[in-house]
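Just below is one structure, and these are the notes that go with it.
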Amino acid sequence: MALLEEPIKKALELKNYVNGEWVKSASSQMISIVNPATQQTIARVPMSTEQEVDDAIAAAKEAFPDWRRTPPLARARHLLRLIDLLEENFEQLSRIQTMEHGKTIDESRGETRRGIEMVETAAGIPSLMMGYNLEDIASGIDEYVVYQPLGVFCHIAPFNFPFMVPLWFSPFALATGNTFVVKPSPRDPISQFKLAELMDEAGIPPGVYNVINGGNEVSQRLLEHPDIKGVTFVGSTPVGRDVIYRKCGETGKRVIAQCGAKNFMVVMPDCDLQKTIAALMTSFFGNTGQRCLSGANLLIVGKDDAFCKKFLDAFVNAAANIKIGYGLDDSVQMGPMQSPDGVTRALGYIEKGIKEGAELLLDGRKPRIIGGCPAECFVGPTVFAGVKPEMTICREEIFGPVASVLRARDLDEAIAICNGSAFGNGDAIFTSSGKSAREFQYRVESGNVGINIGITAPMAFFPFGGMKDSFFGVLHGQGRDAVRFFTESKVVIQRWF
Ligand code: NAD
């Protein structure tokens, strides 16, 4: 394999970041982090103890009163310093994500950029956090609302955007005057380690921002700890619904739980074929299908068999030509899956699709990998035609580069099929008709909707939607929703004699 610029030269021993210090975990349980493209161990991460979680929460609780009294503008200045540091370290952060996750370097750069945008948006907190007032609600009496932080919040992170996802929450929590504990995914925690170094360098006071590594036990402790006021979670639906949302209900905590997905890409016969195919390639196969906003089901609308064939041929042809390899190689268009478990899962679904009678048009089980990478984590683009809504590969989240192609008679039937899904995260329509687009946007049960856009990722100043089994909670991450989530509204009614 060609020598590529790897920022991690030898395996890192990751520590926790608590109260402004780097603390070695006392745990004897360590997990090796393996670069999925090269199979080299690049870090070892501890599964921290309950006492270590308690210490992080205690530090955050202790730091809260002073941080809360720090004027919003002064809090924002810390974030502005962080933005400078993130920009200075942009390329290194991106390369680390490729090494720990497998995504291409361009995808990692996109992730870093999106992460920075969250910090930029949260830095506007003096305006975002303002309340409102009304004079003379009765004669000589005025009323106003102020938004106040609550205390310690935490984040439990998924593996698929190891750098960006925690940033959907932490800058907003910090800007509003709360303190924070992050539990990175135990599968790829290195970019969070790097982010904590930069938080430290940005002068965020000790205890305001903490990172505690670990798995389910660490999550459990965060969920049950009385000093955690609210939990932000991004991950799979079974964990989000049955563990996180349930436990937060029992313990009376605020919660945002952004969960799994099975997104439909609806193609109308009047779409722009070439531009649609290009958008669908990144939607279905970008990040190796490991996005909550990935296209999973391709729904071709209309009775015109010739259009369907032409579209499908173009789709399969483009998918078959995607270059697969180590994401640090600039010419690579699709990296490996993040773990062998993900591969096993995807292969299991491919078997299931065949068994249930779908037609395997493109088989990614033995992909051609450029650059001589070991094959452990690679699955190539896979396309099934003849898929029916009741088939497992249409209903369940595969979280890999597998596309299921369905057909619908007309837009009504297409919307009904989309709405029959248990999920509702990021459905999209491709059309040149405003009427079809408007109808789709109005009726589809999906928290993020694309119109000629294949990855419906909201910008930092909009909420990240999600409906049905894709989201549990009320307020969403990012933007004004996040500001409200991390604050309590207090109403003051005053009269002076
Ligand atoms: P996951 O649910 O396996 O893990 C997420 C986090 O929860 C990890 O930090 C993990 O350590 C912890 N966890 C796992 N099992 C737990 C348990 N039983 N008790 C307590 N904590 C537990 O998810 P993942 O595989 O890391 O991420 C992929 C999933 O995330 C996909 O389903 C994807 O759709 C979803 N996702 C959703 C969004 C969104 O915005 N809706 C964004 C990104 C990813």
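In the structure tokens, chains take the letters A, B, ... in the order shown, each chain's residues start at 1, and ligands count up from 1 in the order shown.
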At a cut-off of 6 Å and counting only C-alpha atoms and all ligand atoms, what residues surround ligand 1? Please answer as a PyMOL selection string. chain A and resi 156-160+184-186+215-216+219-220+234-236+239+243+258-261+292+470
Name all residues at most 10 Å from region 140-144 of chain A (count only C-alpha atoms; drop same-chain ones fewer than 2 positions away) and give them as a CSV table (one decimal) with N, CA and C atoms, in the first residue's frame.
chain,number,residue,atom,x,y,z
A,131,GLY,N,-34.5,36.2,26.5
A,131,GLY,CA,-36.0,35.9,26.8
A,131,GLY,C,-36.8,37.0,26.2
A,132,TYR,N,-38.0,37.2,26.7
A,132,TYR,CA,-38.9,38.3,26.2
A,132,TYR,C,-39.8,38.8,27.3
A,133,ASN,N,-40.4,39.9,27.0
A,133,ASN,CA,-41.2,40.5,28.1
A,133,ASN,C,-42.4,41.3,27.6
A,134,LEU,N,-43.3,41.6,28.5
A,134,LEU,CA,-44.5,42.4,28.2
A,134,LEU,C,-44.8,43.3,29.3
A,135,GLU,N,-44.8,44.6,29.1
A,135,GLU,CA,-45.2,45.5,30.1
A,135,GLU,C,-46.8,45.5,30.3
A,136,ASP,N,-47.2,45.8,31.5
A,136,ASP,CA,-48.6,46.0,31.8
A,136,ASP,C,-49.4,44.8,31.4
A,137,ILE,N,-49.1,43.6,31.9
A,137,ILE,CA,-50.0,42.5,31.7
A,137,ILE,C,-51.2,42.7,32.5
A,138,ALA,N,-51.1,43.6,33.6
A,138,ALA,CA,-52.2,44.2,34.3
A,138,ALA,C,-51.7,45.6,34.7
A,146,VAL,N,-36.9,34.5,31.5
A,146,VAL,CA,-35.5,34.3,31.3
A,146,VAL,C,-35.2,32.8,31.1
A,489,SER,N,-37.1,27.7,31.3
A,489,SER,CA,-37.7,29.1,31.3
A,489,SER,C,-38.2,29.4,32.6
A,490,LYS,N,-37.8,30.6,33.1
A,490,LYS,CA,-38.3,31.1,34.4
A,490,LYS,C,-39.1,32.4,34.1
A,491,VAL,N,-40.3,32.4,34.6
A,491,VAL,CA,-41.2,33.6,34.3
A,491,VAL,C,-41.2,34.5,35.6
A,492,VAL,N,-41.0,35.8,35.4
A,492,VAL,CA,-41.0,36.7,36.5
A,492,VAL,C,-42.2,37.7,36.3
A,493,ILE,N,-43.0,37.9,37.3
A,493,ILE,CA,-44.1,38.8,37.2
A,493,ILE,C,-43.8,39.9,38.3
A,494,GLN,N,-43.7,41.2,37.9
A,494,GLN,CA,-43.2,42.1,38.9
A,494,GLN,C,-44.1,43.4,39.0
A,495,ARG,N,-44.2,43.8,40.2
A,495,ARG,CA,-45.0,45.1,40.5
A,495,ARG,C,-44.2,45.8,41.6
A,496,TRP,N,-44.0,47.1,41.4
A,496,TRP,CA,-43.3,47.9,42.3
A,496,TRP,C,-44.3,48.9,43.0
A,497,PHE,N,-44.2,49.0,44.3
A,497,PHE,CA,-45.1,49.9,45.0
A,497,PHE,C,-44.5,51.2,45.2
Distance query Tyr209 (chain A) at most 7 Å, only C-alpha atoms, self and fewer than 3 positions along chain excluded, as a ChimeraX atom specification: /A:179-181
Could you take the residues named above and write them with N, CA, C and O atoms, as a short mmCIF file (atom, residue, chain, number, x, y, z; two decimals), in the first residue's frame?
data_model
loop_
_atom_site.label_atom_id
_atom_site.label_comp_id
_atom_site.auth_asym_id
_atom_site.auth_seq_id
_atom_site.Cartn_x
_atom_site.Cartn_y
_atom_site.Cartn_z
N THR A 179 -22.67 22.48 32.34
CA THR A 179 -21.42 21.75 32.23
C THR A 179 -21.73 20.36 31.64
O THR A 179 -22.89 19.94 31.60
N PHE A 180 -20.67 19.66 31.19
CA PHE A 180 -20.94 18.55 30.26
C PHE A 180 -20.00 17.38 30.48
O PHE A 180 -18.81 17.56 30.77
N VAL A 181 -20.55 16.18 30.27
CA VAL A 181 -19.74 14.95 30.28
C VAL A 181 -20.03 14.21 28.98
O VAL A 181 -21.20 13.91 28.68
#
Find the nearest atom pair between each residue of region 326-369 of chain A and region 301-317 of chain A for residues within 12 Å, count only C-alpha atoms, give distances in Å to one decimal, sort rows by chain and ascending number, and present the table as CSV.
residue,atom,partner,partner_atom,distance
A:Leu360,CA,A:Val316,CA,10.8
A:Leu361,CA,A:Val316,CA,7.4
A:Leu362,CA,A:Val316,CA,6.8
A:Asp363,CA,A:Val316,CA,10.3
A:Gly364,CA,A:Val316,CA,11.5
Only C-alpha atoms, please: the residues just picked out, written as a PDB file, in the first residue's frame.
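See result39.pdb below for the written result:
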ATOM      1  CA  LEU A 360     -29.367  -9.326  -6.365  1.00  0.00           C
ATOM      2  CA  LEU A 361     -28.367  -6.956  -9.181  1.00  0.00           C
ATOM      3  CA  LEU A 362     -25.010  -5.953  -7.724  1.00  0.00           C
ATOM      4  CA  ASP A 363     -23.200  -8.172  -5.228  1.00  0.00           C
ATOM      5  CA  GLY A 364     -20.769  -6.363  -2.897  1.00  0.00           C
TER       6      GLY A 364
END
Write out as a list in words the residues lying within 7 Å of region 439-452 of chain A, counting only C-alpha atoms and excluding same-chain residues fewer than 5 positions away.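 Everything that qualifies: Ile415, Asn419, Gly424, Asn425, Gly426, Asp427, Ala428, Ile429, Phe430, Thr431, Gly465, Gly466 and Met467 of chain A.
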Of A:Gly434, A:Arg75, A:Gly115, A:Ala37, the one nearest to Phe378 (chain A) when counting only C-alpha atoms is A:Ala37
Closest of A:Thr251, A:Ser331, A:Gln29, A:Thr288 to Val343 (chain A), counting only C-alpha atoms, is A:Thr288
Hey, what's within 8 Å of Phe399 (chain A) if we count only C-alpha atoms and toss same-chain stuff fewer than 6 positions away? As a ChimeraX atom specification, please? /A:289-292,342,346
Enumerate as a PyMOL selection string all residues of region 195-283 of chain A assigned to helix (DSSP H, G or I) by DSSP on the backbone, naming them with the chain letters and numbers the document uses. chain A and resi 195-201+216-224+237-251+273-283
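When CA of Glu88 (chain A) is paired with CA of Ile204 (chain A), their separation reads 17.6 Å.
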